[in-house]
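upload30.csv follows; it contains CSV, C-alpha atoms (C1' of nucleotides).
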chain,number,residue,atom,x,y,z
A,876,MET,CA,0.0,0.0,0.0
A,877,PRO,CA,2.1,2.8,-1.3
A,878,THR,CA,0.3,5.5,0.6
A,879,THR,CA,1.0,9.1,-0.2
A,880,ALA,CA,3.4,9.5,2.7
A,881,ALA,CA,5.8,7.0,1.1
A,882,TYR,CA,6.7,9.5,-1.6
A,883,GLY,CA,8.4,11.8,0.8
A,884,PRO,CA,8.0,11.0,4.4
A,885,ILE,CA,9.8,14.0,5.7
A,886,SER,CA,8.1,16.5,3.4
A,887,HIS,CA,4.8,14.9,4.4
A,888,ALA,CA,5.6,15.2,8.1
A,889,VAL,CA,6.6,18.8,7.6
A,890,PHE,CA,3.2,19.4,5.9
A,891,ARG,CA,1.2,17.7,8.7
A,892,ILE,CA,3.1,19.4,11.5
A,893,ALA,CA,2.7,22.8,9.8
A,894,ARG,CA,-1.1,22.3,9.7
A,895,LEU,CA,-1.4,21.1,13.2
A,896,HIS,CA,0.9,23.8,14.5
A,897,ARG,CA,-1.1,26.5,12.7
A,898,MET,CA,-4.4,25.0,13.9
A,899,LEU,CA,-3.2,25.1,17.5
A,900,ALA,CA,-1.9,28.6,17.1
A,901,GLY,CA,-5.2,29.7,15.5
A,902,ARG,CA,-7.2,28.1,18.3
A,903,LEU,CA,-5.1,29.8,21.0
A,904,LEU,CA,-5.0,33.1,19.3
A,905,ALA,CA,-8.7,33.2,18.8
A,906,GLU,CA,-9.1,33.8,22.5
A,907,ALA,CA,-7.2,37.0,22.0
A,908,GLY,CA,-9.3,37.9,18.9
A,909,LEU,CA,-6.3,37.5,16.6
A,910,HIS,CA,-5.6,35.3,13.6
A,911,PRO,CA,-2.4,33.5,13.0
A,912,GLY,CA,0.1,35.9,11.5
A,913,GLN,CA,-1.4,39.0,13.1
A,914,GLU,CA,0.3,38.2,16.4
A,915,LEU,CA,3.7,38.4,14.7
A,916,VAL,CA,3.0,41.9,13.5
A,917,MET,CA,1.8,43.0,17.0
A,918,MET,CA,4.8,41.4,18.7
A,919,HIS,CA,7.2,43.2,16.5
A,920,LEU,CA,5.4,46.5,17.0
A,921,TRP,CA,5.4,46.1,20.7
A,922,ASP,CA,9.1,45.3,20.7
A,923,SER,CA,10.3,47.9,18.2
A,924,GLY,CA,7.6,50.6,18.2
A,925,PRO,CA,6.2,52.4,15.2
A,926,GLN,CA,7.2,50.9,11.9
A,927,ARG,CA,6.5,51.5,8.2
A,928,GLN,CA,4.7,48.7,6.5
A,929,ALA,CA,7.7,48.0,4.3
A,930,GLU,CA,9.8,47.4,7.4
A,931,LEU,CA,7.2,45.0,8.7
A,932,VAL,CA,7.2,43.1,5.4
A,933,ASP,CA,11.0,42.9,5.6
A,934,VAL,CA,11.3,41.8,9.2
A,935,LEU,CA,8.5,39.3,9.0
A,936,ASP,CA,9.6,38.2,5.6
A,937,SER,CA,6.0,38.7,4.4
A,938,ASP,CA,4.2,40.0,1.4
A,939,SER,CA,3.4,43.6,0.8
A,940,ALA,CA,-0.2,42.8,-0.2
A,941,THR,CA,-0.7,40.5,2.8
A,942,MET,CA,0.7,43.2,5.1
A,943,THR,CA,-1.6,45.9,3.8
A,944,ARG,CA,-4.7,43.8,4.5
A,945,THR,CA,-3.4,42.5,7.8
A,946,VAL,CA,-2.7,46.0,9.1
A,947,GLN,CA,-6.1,47.1,7.8
A,948,ARG,CA,-7.7,44.4,9.9
A,949,LEU,CA,-5.6,45.1,12.9
A,950,GLU,CA,-6.6,48.8,12.6
A,951,ARG,CA,-10.3,47.9,12.3
A,952,ALA,CA,-9.9,45.7,15.4
A,953,GLY,CA,-8.4,48.7,17.2
A,954,PHE,CA,-5.0,47.2,17.9
A,955,VAL,CA,-3.1,49.4,15.6
A,956,ARG,CA,-3.1,53.0,14.4
A,957,ARG,CA,-1.8,54.3,11.1
A,958,THR,CA,-0.4,57.8,10.5
A,959,PRO,CA,1.3,59.1,7.4
A,960,ASP,CA,5.0,59.3,7.6
A,961,PRO,CA,5.9,63.0,7.9
A,962,THR,CA,9.3,62.5,6.1
A,963,ASP,CA,8.0,60.3,3.2
A,964,GLY,CA,4.7,60.9,1.5
A,965,ARG,CA,4.6,57.3,0.3
A,966,ALA,CA,4.9,55.6,3.7
A,967,THR,CA,2.5,55.1,6.6
A,968,LEU,CA,3.7,54.5,10.1
A,969,VAL,CA,2.0,51.7,12.0
A,970,GLU,CA,2.0,51.8,15.8
A,971,PRO,CA,0.3,49.7,18.5
A,972,THR,CA,-2.5,51.4,20.3
A,973,ALA,CA,-2.8,51.7,24.0
A,974,ALA,CA,-5.7,49.3,23.9
A,975,SER,CA,-3.4,46.7,22.3
A,976,GLN,CA,-1.2,46.7,25.4
A,977,ALA,CA,-3.8,44.5,27.1
A,978,LEU,CA,-3.1,41.9,24.5
A,979,ARG,CA,0.6,41.8,25.0
A,980,GLN,CA,0.8,39.6,28.0
A,981,GLN,CA,-1.9,37.3,26.6
A,982,VAL,CA,0.0,36.9,23.4
A,983,CYS,CA,3.2,36.1,25.2
A,984,ARG,CA,1.4,33.5,27.3
A,985,ILE,CA,-0.1,32.0,24.1
A,986,TRP,CA,3.3,31.7,22.5
A,987,GLN,CA,4.7,30.0,25.7
A,988,GLU,CA,1.8,27.6,25.6
A,989,LEU,CA,2.3,26.9,21.9
A,990,GLU,CA,6.0,26.3,22.4
A,991,GLU,CA,5.3,24.1,25.4
A,992,ALA,CA,2.7,22.1,23.5
A,993,THR,CA,5.0,21.7,20.5
A,994,THR,CA,8.0,20.5,22.6
A,995,ALA,CA,6.0,18.7,25.2
A,996,GLY,CA,8.1,16.1,27.1
A,997,CYS,CA,11.3,17.3,25.6
A,998,PRO,CA,13.9,18.1,28.2
A,999,GLU,CA,15.7,21.5,27.9
A,1000,VAL,CA,18.8,19.8,26.6
A,1001,GLU,CA,17.1,18.2,23.7
A,1002,ARG,CA,15.4,21.4,22.7
A,1003,GLY,CA,18.7,22.9,21.6
A,1004,GLU,CA,19.3,19.8,19.5
A,1005,LEU,CA,15.8,20.1,18.1
A,1006,LEU,CA,16.2,23.7,17.2
A,1007,ARG,CA,19.5,22.9,15.5
A,1008,VAL,CA,17.8,20.2,13.4
A,1009,LEU,CA,15.0,22.6,12.4
A,1010,GLU,CA,17.5,25.3,11.5
A,1011,THR,CA,19.3,22.8,9.2
A,1012,LEU,CA,16.0,22.2,7.4
A,1013,GLU,CA,15.3,25.9,7.2
A,1014,CYS,CA,18.7,26.6,5.7
A,1015,ASN,CA,18.2,23.8,3.1
A,1016,LEU,CA,14.9,25.4,2.1
A,1017,ILE,CA,16.3,28.9,2.1
A,1018,THR,CA,19.0,27.9,-0.4
A,1019,ARG,CA,16.6,25.9,-2.5
A,1020,THR,CA,14.0,28.7,-2.7
A,1021,GLY,CA,16.5,31.3,-3.6
A,1022,ARG,CA,15.4,33.3,-0.6
A,1023,THR,CA,17.7,36.2,0.1
A,1024,ALA,CA,19.3,34.4,3.0
A,1025,GLN,CA,19.2,35.8,6.5
A,1026,PRO,CA,22.5,37.5,7.5
A,1027,GLN,CA,23.7,34.8,9.8
A,1028,ASP,CA,24.4,31.1,9.4
A,1029,CYS,CA,23.5,29.0,6.4
B,74,MET,CA,16.7,43.0,21.5
B,75,PRO,CA,14.0,40.5,22.3
B,76,THR,CA,13.2,39.8,18.7
B,77,THR,CA,9.9,38.0,18.0
B,78,ALA,CA,11.7,34.6,17.7
B,79,ALA,CA,12.8,34.8,21.3
B,80,TYR,CA,9.3,34.1,22.5
B,81,GLY,CA,9.2,30.6,21.0
B,82,PRO,CA,12.2,29.7,19.0
B,83,ILE,CA,10.9,26.2,18.0
B,84,SER,CA,7.4,27.4,17.2
B,85,HIS,CA,8.9,30.2,15.1
B,86,ALA,CA,11.2,27.8,13.3
B,87,VAL,CA,8.2,25.6,12.5
B,88,PHE,CA,6.4,28.6,11.2
B,89,ARG,CA,9.2,29.6,8.9
B,90,ILE,CA,10.0,26.1,7.7
B,91,ALA,CA,6.3,25.6,6.9
B,92,ARG,CA,6.2,28.7,4.8
B,93,LEU,CA,9.5,27.9,2.9
B,94,HIS,CA,8.4,24.3,2.4
B,95,ARG,CA,5.0,25.3,1.0
B,96,MET,CA,6.6,28.0,-1.1
B,97,LEU,CA,9.1,25.5,-2.6
B,98,ALA,CA,6.3,22.9,-3.1
B,99,GLY,CA,4.1,25.6,-4.8
B,100,ARG,CA,6.9,26.6,-7.1
B,101,LEU,CA,7.6,23.0,-8.2
B,102,LEU,CA,4.0,22.1,-8.5
B,103,ALA,CA,3.3,25.1,-10.7
B,104,GLU,CA,5.3,23.4,-13.4
B,105,ALA,CA,2.6,20.7,-13.4
B,106,GLY,CA,-0.3,23.2,-13.2
B,107,LEU,CA,-1.2,22.2,-9.7
B,108,HIS,CA,-1.5,24.1,-6.5
B,109,PRO,CA,-0.2,22.8,-3.1
B,110,GLY,CA,-2.7,20.3,-1.7
B,111,GLN,CA,-4.1,19.3,-5.0
B,112,GLU,CA,-1.2,16.9,-5.6
B,113,LEU,CA,-2.1,15.0,-2.4
B,114,VAL,CA,-5.6,14.4,-3.8
B,115,MET,CA,-4.3,13.3,-7.1
B,116,MET,CA,-1.6,11.0,-5.5
B,117,HIS,CA,-4.3,9.3,-3.4
B,118,LEU,CA,-6.6,8.9,-6.4
B,119,TRP,CA,-3.7,7.4,-8.5
B,120,ASP,CA,-2.9,5.0,-5.7
B,121,SER,CA,-6.3,4.0,-4.6
B,122,GLY,CA,-8.6,4.6,-7.5
B,123,PRO,CA,-12.1,6.2,-7.4
B,124,GLN,CA,-13.1,7.6,-4.1
B,125,ARG,CA,-15.9,9.5,-2.6
B,126,GLN,CA,-15.1,12.9,-1.4
B,127,ALA,CA,-15.8,12.0,2.2
B,128,GLU,CA,-13.1,9.3,1.9
B,129,LEU,CA,-10.6,11.8,0.6
B,130,VAL,CA,-11.4,14.2,3.4
B,131,ASP,CA,-10.8,11.4,5.9
B,132,VAL,CA,-7.6,10.1,4.4
B,133,LEU,CA,-6.0,13.5,3.8
B,134,ASP,CA,-7.4,14.8,7.1
B,135,SER,CA,-8.8,17.7,5.2
B,136,ASP,CA,-12.0,19.8,5.3
B,137,SER,CA,-15.2,19.0,3.5
B,138,ALA,CA,-15.6,22.5,2.1
B,139,THR,CA,-11.9,22.6,1.0
B,140,MET,CA,-12.3,19.2,-0.7
B,141,THR,CA,-15.4,20.3,-2.5
B,142,ARG,CA,-13.7,23.2,-4.1
B,143,THR,CA,-10.4,21.5,-4.7
B,144,VAL,CA,-12.1,18.7,-6.5
B,145,GLN,CA,-14.1,21.2,-8.5
B,146,ARG,CA,-10.9,22.9,-9.6
B,147,LEU,CA,-9.2,19.6,-10.4
B,148,GLU,CA,-12.3,18.8,-12.5
B,149,ARG,CA,-12.2,22.1,-14.3
B,150,ALA,CA,-8.5,21.5,-15.0
B,151,GLY,CA,-9.4,18.1,-16.5
B,152,PHE,CA,-7.4,16.0,-14.0
B,153,VAL,CA,-10.5,14.4,-12.3
B,154,ARG,CA,-13.9,13.2,-13.3
B,155,ARG,CA,-16.9,13.1,-11.0
B,156,THR,CA,-19.8,10.7,-11.2
B,157,PRO,CA,-22.7,10.2,-8.9
B,158,ASP,CA,-22.4,7.1,-6.7
B,159,PRO,CA,-24.9,4.6,-7.9
B,160,THR,CA,-25.3,3.1,-4.5
B,161,ASP,CA,-25.7,6.4,-2.5
B,162,GLY,CA,-27.5,9.4,-3.8
B,163,ARG,CA,-25.6,11.7,-1.6
B,164,ALA,CA,-22.1,10.8,-2.7
B,165,THR,CA,-20.1,11.5,-5.8
B,166,LEU,CA,-17.2,9.3,-6.9
B,167,VAL,CA,-14.0,11.1,-7.9
B,168,GLU,CA,-11.6,9.4,-10.2
B,169,PRO,CA,-8.5,10.5,-12.0
B,170,THR,CA,-8.8,11.0,-15.8
B,171,ALA,CA,-6.6,9.4,-18.4
B,172,ALA,CA,-5.2,12.8,-19.1
B,173,SER,CA,-4.1,13.0,-15.5
B,174,GLN,CA,-1.8,10.0,-15.9
B,175,ALA,CA,0.7,12.2,-17.7
B,176,LEU,CA,1.0,14.2,-14.4
B,177,ARG,CA,1.8,11.2,-12.3
B,178,GLN,CA,5.4,10.8,-13.0
B,179,GLN,CA,5.9,14.5,-12.9
B,180,VAL,CA,4.3,14.7,-9.5
B,181,CYS,CA,6.4,11.9,-8.2
B,182,ARG,CA,9.5,13.6,-9.4
B,183,ILE,CA,8.5,16.8,-7.8
B,184,TRP,CA,8.0,15.1,-4.4
B,185,GLN,CA,11.4,13.5,-4.7
B,186,GLU,CA,12.9,16.8,-5.5
B,187,LEU,CA,11.1,18.4,-2.6
B,188,GLU,CA,12.2,15.7,-0.2
B,189,GLU,CA,15.7,16.0,-1.5
B,190,ALA,CA,15.7,19.8,-1.1
B,191,THR,CA,14.4,19.5,2.4
B,192,THR,CA,16.9,16.9,3.6
B,193,ALA,CA,19.8,18.1,1.5
B,194,GLY,CA,23.1,17.0,2.8
B,195,CYS,CA,21.5,14.7,5.3
B,196,PRO,CA,22.9,11.1,5.1
B,197,GLU,CA,20.4,8.3,4.9
B,198,VAL,CA,21.0,7.3,8.5
B,199,GLU,CA,20.2,10.7,9.9
B,200,ARG,CA,16.9,10.9,8.0
B,201,GLY,CA,15.4,8.2,10.1
B,202,GLU,CA,16.4,10.2,13.2
B,203,LEU,CA,15.0,13.3,11.7
B,204,LEU,CA,11.7,11.6,10.8
B,205,ARG,CA,11.5,10.3,14.4
B,206,VAL,CA,12.0,13.8,15.8
B,207,LEU,CA,9.3,15.2,13.5
B,208,GLU,CA,6.9,12.5,14.4
B,209,THR,CA,7.4,13.4,18.1
B,210,LEU,CA,6.5,16.9,17.3
B,211,GLU,CA,3.5,15.7,15.4
B,212,CYS,CA,2.3,13.5,18.2
B,213,ASN,CA,2.7,16.4,20.7
B,214,LEU,CA,0.5,18.6,18.4
B,215,ILE,CA,-2.0,15.9,17.8
B,216,THR,CA,-2.6,15.4,21.5
B,217,ARG,CA,-2.8,19.1,22.1
B,218,THR,CA,-5.2,19.8,19.3
B,219,GLY,CA,-7.5,17.0,20.3
B,220,ARG,CA,-7.2,15.6,16.9
B,221,THR,CA,-8.7,12.1,16.5
B,222,ALA,CA,-5.3,10.5,16.6
B,223,GLN,CA,-4.0,8.4,13.8
B,224,PRO,CA,-4.3,4.7,14.5
B,225,GLN,CA,-0.6,4.0,15.1
B,226,ASP,CA,1.9,5.4,17.5
B,227,CYS,CA,1.5,8.4,19.8
C,1251,DA,C1',15.5,70.9,-14.0
C,1252,DC,C1',13.8,67.0,-16.3
C,1253,DG,C1',12.9,62.4,-17.2
C,1254,DT,C1',13.5,57.7,-15.5
C,1255,DA,C1',13.8,54.4,-12.2
C,1256,DT,C1',12.7,52.9,-7.7
C,1257,DT,C1',10.0,52.6,-3.6
C,1258,DA,C1',5.7,52.2,-0.8
C,1259,DC,C1',1.3,51.1,-0.7
C,1260,DC,C1',-3.1,49.6,-2.6
C,1261,DT,C1',-6.4,46.6,-5.3
C,1262,DG,C1',-7.9,42.5,-7.7
C,1263,DT,C1',-7.5,37.7,-8.4
C,1264,DC,C1',-6.8,32.9,-7.2
C,1265,DC,C1',-5.7,29.5,-3.9
C,1266,DG,C1',-5.9,26.5,0.6
C,1267,DA,C1',-7.8,26.4,5.3
C,1268,DA,C1',-11.3,26.8,8.7
C,1269,DC,C1',-16.1,27.6,10.5
C,1270,DA,C1',-21.1,28.0,10.0
C,1271,DG,C1',-25.1,26.6,7.9
C,1272,DG,C1',-28.2,24.5,4.6
C,1273,DA,C1',-30.2,20.8,1.4
C,1274,DA,C1',-30.6,16.2,-0.2
C,1275,DT,C1',-30.2,11.6,1.0
C,1276,DC,C1',-29.7,7.5,3.7
C,1277,DT,C1',-30.2,4.8,8.2
C,1278,DA,C1',-32.1,3.2,12.4
C,1279,DC,C1',-35.5,2.9,15.4
C,1280,DC,C1',-40.3,2.9,16.8
D,670,DG,C1',-44.4,3.2,7.3
D,671,DG,C1',-42.8,7.2,9.3
D,672,DT,C1',-40.0,10.1,11.9
D,673,DA,C1',-35.3,11.4,14.0
D,674,DG,C1',-30.7,11.6,13.4
D,675,DA,C1',-26.5,11.0,10.8
D,676,DT,C1',-24.0,11.4,6.5
D,677,DT,C1',-22.6,13.7,2.2
D,678,DC,C1',-21.9,17.5,-0.2
D,679,DC,C1',-22.4,22.4,-1.3
D,680,DT,C1',-22.3,27.5,-0.4
D,681,DG,C1',-21.0,31.7,2.1
D,682,DT,C1',-17.7,34.0,4.8
D,683,DT,C1',-13.2,35.3,6.7
D,684,DC,C1',-8.4,34.7,6.9
D,685,DG,C1',-3.2,34.3,5.3
D,686,DG,C1',-0.4,33.7,1.2
D,687,DA,C1',1.1,34.6,-3.4
D,688,DC,C1',1.1,37.1,-7.9
D,689,DA,C1',0.0,40.8,-11.1
D,690,DG,C1',-0.9,45.1,-12.0
D,691,DG,C1',-1.7,50.2,-10.8
D,692,DT,C1',-0.8,54.9,-8.4
D,693,DA,C1',1.4,58.0,-6.0
D,694,DA,C1',5.8,59.9,-4.1
D,695,DT,C1',10.7,59.9,-3.8
D,696,DA,C1',15.5,59.3,-5.6
D,697,DC,C1',18.7,59.2,-9.2
D,698,DG,C1',21.3,60.4,-13.4
D,699,DT,C1',22.0,63.5,-17.0

Let's see the structure in the file written out as structure tokens.
Amino acid sequence: MPTTAAYGPISHAVFRIARLHRMLAGRLLAEAGLHPGQELVMMHLWDSGPQRQAELVDVLDSDSATMTRTVQRLERAGFVRRTPDPTDGRATLVEPTAASQALRQQVCRIWQELEEATTAGCPEVERGELLRVLETLECNLITRTGRTAQPQDC
Amino acid sequence: MPTTAAYGPISHAVFRIARLHRMLAGRLLAEAGLHPGQELVMMHLWDSGPQRQAELVDVLDSDSATMTRTVQRLERAGFVRRTPDPTDGRATLVEPTAASQALRQQVCRIWQELEEATTAGCPEVERGELLRVLETLECNLITRTGRTAQPQDC
DNA sequence: ACGTATTACCTGTCCGAACAGGAATCTACC
DNA sequence: GGTAGATTCCTGTTCGGACAGGTAATACGT
């Protein structure tokens, strides 16, 4: 029975893990009124303050069109405010609202929970090893996708 | 600089790997005129012959709504034919068309390429280890998402 | 200074994924 | 036989992701 998985067991595992991980993240984030991906934008804004969209796209390695709509939705939800950049007529500055600060702790807790769920029963020592393995996979994929590689490693 | 990754290094790595892996798969599959996910349906149909949609949903652990539209698109592309199930008025049988057979080798090659790209520079011995690690992650996520577990392991 | 990139953002489109809800059909039980 | 519940599929909606334009505003080279 040459099931689908036989064609590429590791690729298939990556696929399934990705879906489960995203599903769990989505379920946890729903408590906070966020969708997967939005929390990354918020976390970066909380950490680094007002940003132009282009910077967010760059840092999060996202897409300009996706970022436009994600920021629009975050704005509509009241987590983000947009003001025109005074020094560049093309750009808009995105900043977290005061109301969004209430989310911050919640999102941090969610990510801790997500990390804990993913690495459950994995002693601290092995996590380093696990991370190293994942980074090897990532580096492989970065080189094969012709991604403009991150500064370090690879 | 508590960058976003610091909140959950492994979750973040999973997220990035998933996106890269999907991107690479998408790029390779585009040559065959398929979108990521559609190839899984086709591969299962090639392996197991005509299926009802509910079976495809079950085997691929997918969503009924997603499957409806995916099959519709595959039908429109000429890779799949749909006939009403003679024994059950609710069901439709999905089967690969003769034209789709030309894709089969191409899709197999693409998955080999994807698997090779993902595990590049990883000796055969370590791949078993890698797969074991990924399956641990998957089992963690399955239990945490309350997924109706796969029959084996976990 | 002027014309040509380049940049920043937006919109439209198509796709997979998830959830909610609905219609037709089948099954089981009374 | 007839009703209640389950199954099967479809549609609508919202979201992230990717790609292809399109429009401003800026930067650059002559």

Report as CSV the residues of chain B within 9 Å of chain A, each with its shortest atom pair and distance in Å (one decimal), using all atoms listed in the file, ordered by chain and increasing residue number.
residue,atom,partner,partner_atom,distance
B:Met74,CA,A:Asp922,CA,8.0
B:Pro75,CA,A:Asp922,CA,7.0
B:Thr76,CA,A:Asp922,CA,7.1
B:Thr77,CA,A:His919,CA,6.0
B:Tyr80,CA,A:Trp986,CA,6.5
B:Gly81,CA,A:Glu990,CA,5.5
B:Pro82,CA,A:Leu1006,CA,7.4
B:Ile83,CA,A:Leu1006,CA,5.9
B:Ser84,CA,A:Glu990,CA,5.5
B:His85,CA,A:Glu990,CA,8.8
B:Ala86,CA,A:Leu1009,CA,6.5
B:Val87,CA,A:Ala893,CA,6.7
B:Phe88,CA,A:Ala893,CA,7.0
B:Arg89,CA,A:Glu1013,CA,7.3
B:Ile90,CA,A:Glu1013,CA,5.3
B:Ala91,CA,A:Ala893,CA,5.4
B:Arg92,CA,A:Ala893,CA,8.5
B:Leu93,CA,A:Leu1016,CA,6.0
B:His94,CA,A:Leu1016,CA,6.6
B:Arg95,CA,A:Phe890,CA,7.9
B:Met96,CA,A:Thr1020,CA,7.6
B:Leu97,CA,A:Thr1020,CA,5.9
B:Arg100,CA,A:Thr1020,CA,8.6
B:Leu113,CA,A:Thr879,CA,7.0
B:Met116,CA,A:Thr879,CA,6.2
B:His117,CA,A:Thr879,CA,6.2
B:Asp120,CA,A:Pro877,CA,7.0
B:Ser121,CA,A:Thr878,CA,8.5
B:Cys181,CA,A:Tyr882,CA,7.0
B:Trp184,CA,A:Gly883,CA,6.2
B:Gln185,CA,A:Gly883,CA,6.5
B:Leu187,CA,A:Ser886,CA,7.0
B:Glu188,CA,A:Ser886,CA,5.5
B:Glu189,CA,A:Gly883,CA,8.7
B:Ala190,CA,A:Asn1015,CA,6.3
B:Thr191,CA,A:Asn1015,CA,5.8
B:Thr192,CA,A:Leu1012,CA,6.6
B:Ala193,CA,A:Asn1015,CA,6.1
B:Gly194,CA,A:Asn1015,CA,8.4
B:Arg200,CA,A:Ile885,CA,8.1
B:Leu203,CA,A:Val1008,CA,7.6
B:Leu204,CA,A:Ile885,CA,5.9
B:Val206,CA,A:Leu1005,CA,7.7
B:Leu207,CA,A:Ala888,CA,6.5
B:Glu208,CA,A:Ala888,CA,7.0
B:Thr209,CA,A:Thr994,CA,8.4
B:Leu210,CA,A:Thr993,CA,6.0
B:Glu211,CA,A:Ile892,CA,5.4
B:Cys212,CA,A:Thr993,CA,8.9
B:Asn213,CA,A:Thr993,CA,5.8
B:Leu214,CA,A:Thr993,CA,5.9
B:Ile215,CA,A:Leu895,CA,7.0
B:Thr216,CA,A:Ala992,CA,8.8
B:Arg217,CA,A:Ala992,CA,6.4
B:Thr218,CA,A:Leu899,CA,5.9
B:Arg220,CA,A:Leu895,CA,8.8

Using only C-alpha atoms (C1' of nucleotides), select each residue of chain D with any atom at most 8 Å away from an atom of chain A, and give the selection as a PDB file with C-alpha atoms (C1' of nucleotides), keeping the file's coordinate frame.
ATOM      1  C1'  DC D 684      -8.400  34.700   6.900  1.00  0.00           C
ATOM      2  C1'  DG D 685      -3.200  34.300   5.300  1.00  0.00           C
ATOM      3  C1'  DG D 686      -0.400  33.700   1.200  1.00  0.00           C
ATOM      4  C1'  DA D 687       1.100  34.600  -3.400  1.00  0.00           C
ATOM      5  C1'  DA D 693       1.400  58.000  -6.000  1.00  0.00           C
ATOM      6  C1'  DA D 694       5.800  59.900  -4.100  1.00  0.00           C
ATOM      7  C1'  DT D 695      10.700  59.900  -3.800  1.00  0.00           C
TER       8       DT D 695
END

So that I can see what lies close to range 953-958 of chain A, please list as a CSV table (one decimal) with C-alpha atoms, in the coordinates of the input the residues with an atom at most 6 Å from it, counting all atoms listed in the file and leaving out residues fewer than 3 positions away in the same chain.
chain,number,residue,atom,x,y,z
A,949,LEU,CA,-5.6,45.1,12.9
A,950,GLU,CA,-6.6,48.8,12.6
A,967,THR,CA,2.5,55.1,6.6
A,968,LEU,CA,3.7,54.5,10.1
A,969,VAL,CA,2.0,51.7,12.0
A,970,GLU,CA,2.0,51.8,15.8
A,971,PRO,CA,0.3,49.7,18.5
A,972,THR,CA,-2.5,51.4,20.3
A,975,SER,CA,-3.4,46.7,22.3

Notebook entry, point to check: How far is it from CA of Gly924 in chain A to C1' of DT1261 in chain C, in Å with one decimal?
Noted result: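 If I compute the distance from CA of Gly924 in chain A to C1' of DT1261 in chain C, I get 27.6 Å.
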
Note to self: Residues of chain C were defined as contacting chain B if any atom lay at most 9 Å from it, counting all atoms listed in the file; please report them as a ChimeraX atom specification.
What the structure shows: /C:1265-1268,1274-1276

Notebook entry, point to check: What separation in Å, quoted to one decimal, exists between C1' of DA1255 in chain C and CA of Gln947 in chain A?
Noted result: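 These atoms are spaced 29.1 Å apart.
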
Check: Of the candidates C:DA1278, C:DG1272, C:DT1256, C:DT1263, which one gets nearest to DA696 in chain D if we count only C-alpha atoms (C1' of nucleotides)?
Finding: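 Of all the options, C:DT1256 lies closest to DA696 in chain D.
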
Check: Between C1' of DT680 in chain D and C1' of DT1277 in chain C, what is the spacing in Å?
Finding: 25.5 Å

Kindly reconstruct range 149-160 of chain B with N, CA and C atoms and present the result as a short mmCIF file (atom, residue, chain, number, x, y, z; two decimals), keeping the file's coordinate frame.
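The result, written out as rebuild-v3.cif:
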data_model
loop_
_atom_site.label_atom_id
_atom_site.label_comp_id
_atom_site.auth_asym_id
_atom_site.auth_seq_id
_atom_site.Cartn_x
_atom_site.Cartn_y
_atom_site.Cartn_z
N ARG B 149 -12.23 21.05 -13.26
CA ARG B 149 -12.20 22.10 -14.30
C ARG B 149 -10.85 22.01 -15.03
N ALA B 150 -9.80 21.57 -14.32
CA ALA B 150 -8.50 21.50 -15.00
C ALA B 150 -8.37 20.18 -15.80
N GLY B 151 -9.36 19.31 -15.66
CA GLY B 151 -9.40 18.10 -16.50
C GLY B 151 -8.59 16.93 -15.87
N PHE B 152 -8.23 17.03 -14.60
CA PHE B 152 -7.40 16.00 -14.00
C PHE B 152 -8.31 14.94 -13.29
N VAL B 153 -9.59 15.27 -13.16
CA VAL B 153 -10.50 14.40 -12.30
C VAL B 153 -11.86 14.45 -12.96
N ARG B 154 -12.55 13.33 -12.79
CA ARG B 154 -13.90 13.20 -13.30
C ARG B 154 -14.81 12.89 -12.09
N ARG B 155 -16.03 13.41 -12.09
CA ARG B 155 -16.90 13.10 -11.00
C ARG B 155 -18.20 12.47 -11.51
N THR B 156 -18.57 11.38 -10.88
CA THR B 156 -19.80 10.70 -11.20
C THR B 156 -20.59 10.42 -9.98
N PRO B 157 -21.91 10.47 -10.08
CA PRO B 157 -22.70 10.20 -8.90
C PRO B 157 -22.55 8.73 -8.49
N ASP B 158 -22.48 8.49 -7.21
CA ASP B 158 -22.40 7.10 -6.70
C ASP B 158 -23.69 6.41 -6.88
N PRO B 159 -23.67 5.29 -7.63
CA PRO B 159 -24.90 4.60 -7.90
C PRO B 159 -25.58 4.02 -6.68
N THR B 160 -24.79 3.77 -5.66
CA THR B 160 -25.30 3.10 -4.50
C THR B 160 -25.71 4.10 -3.36
#
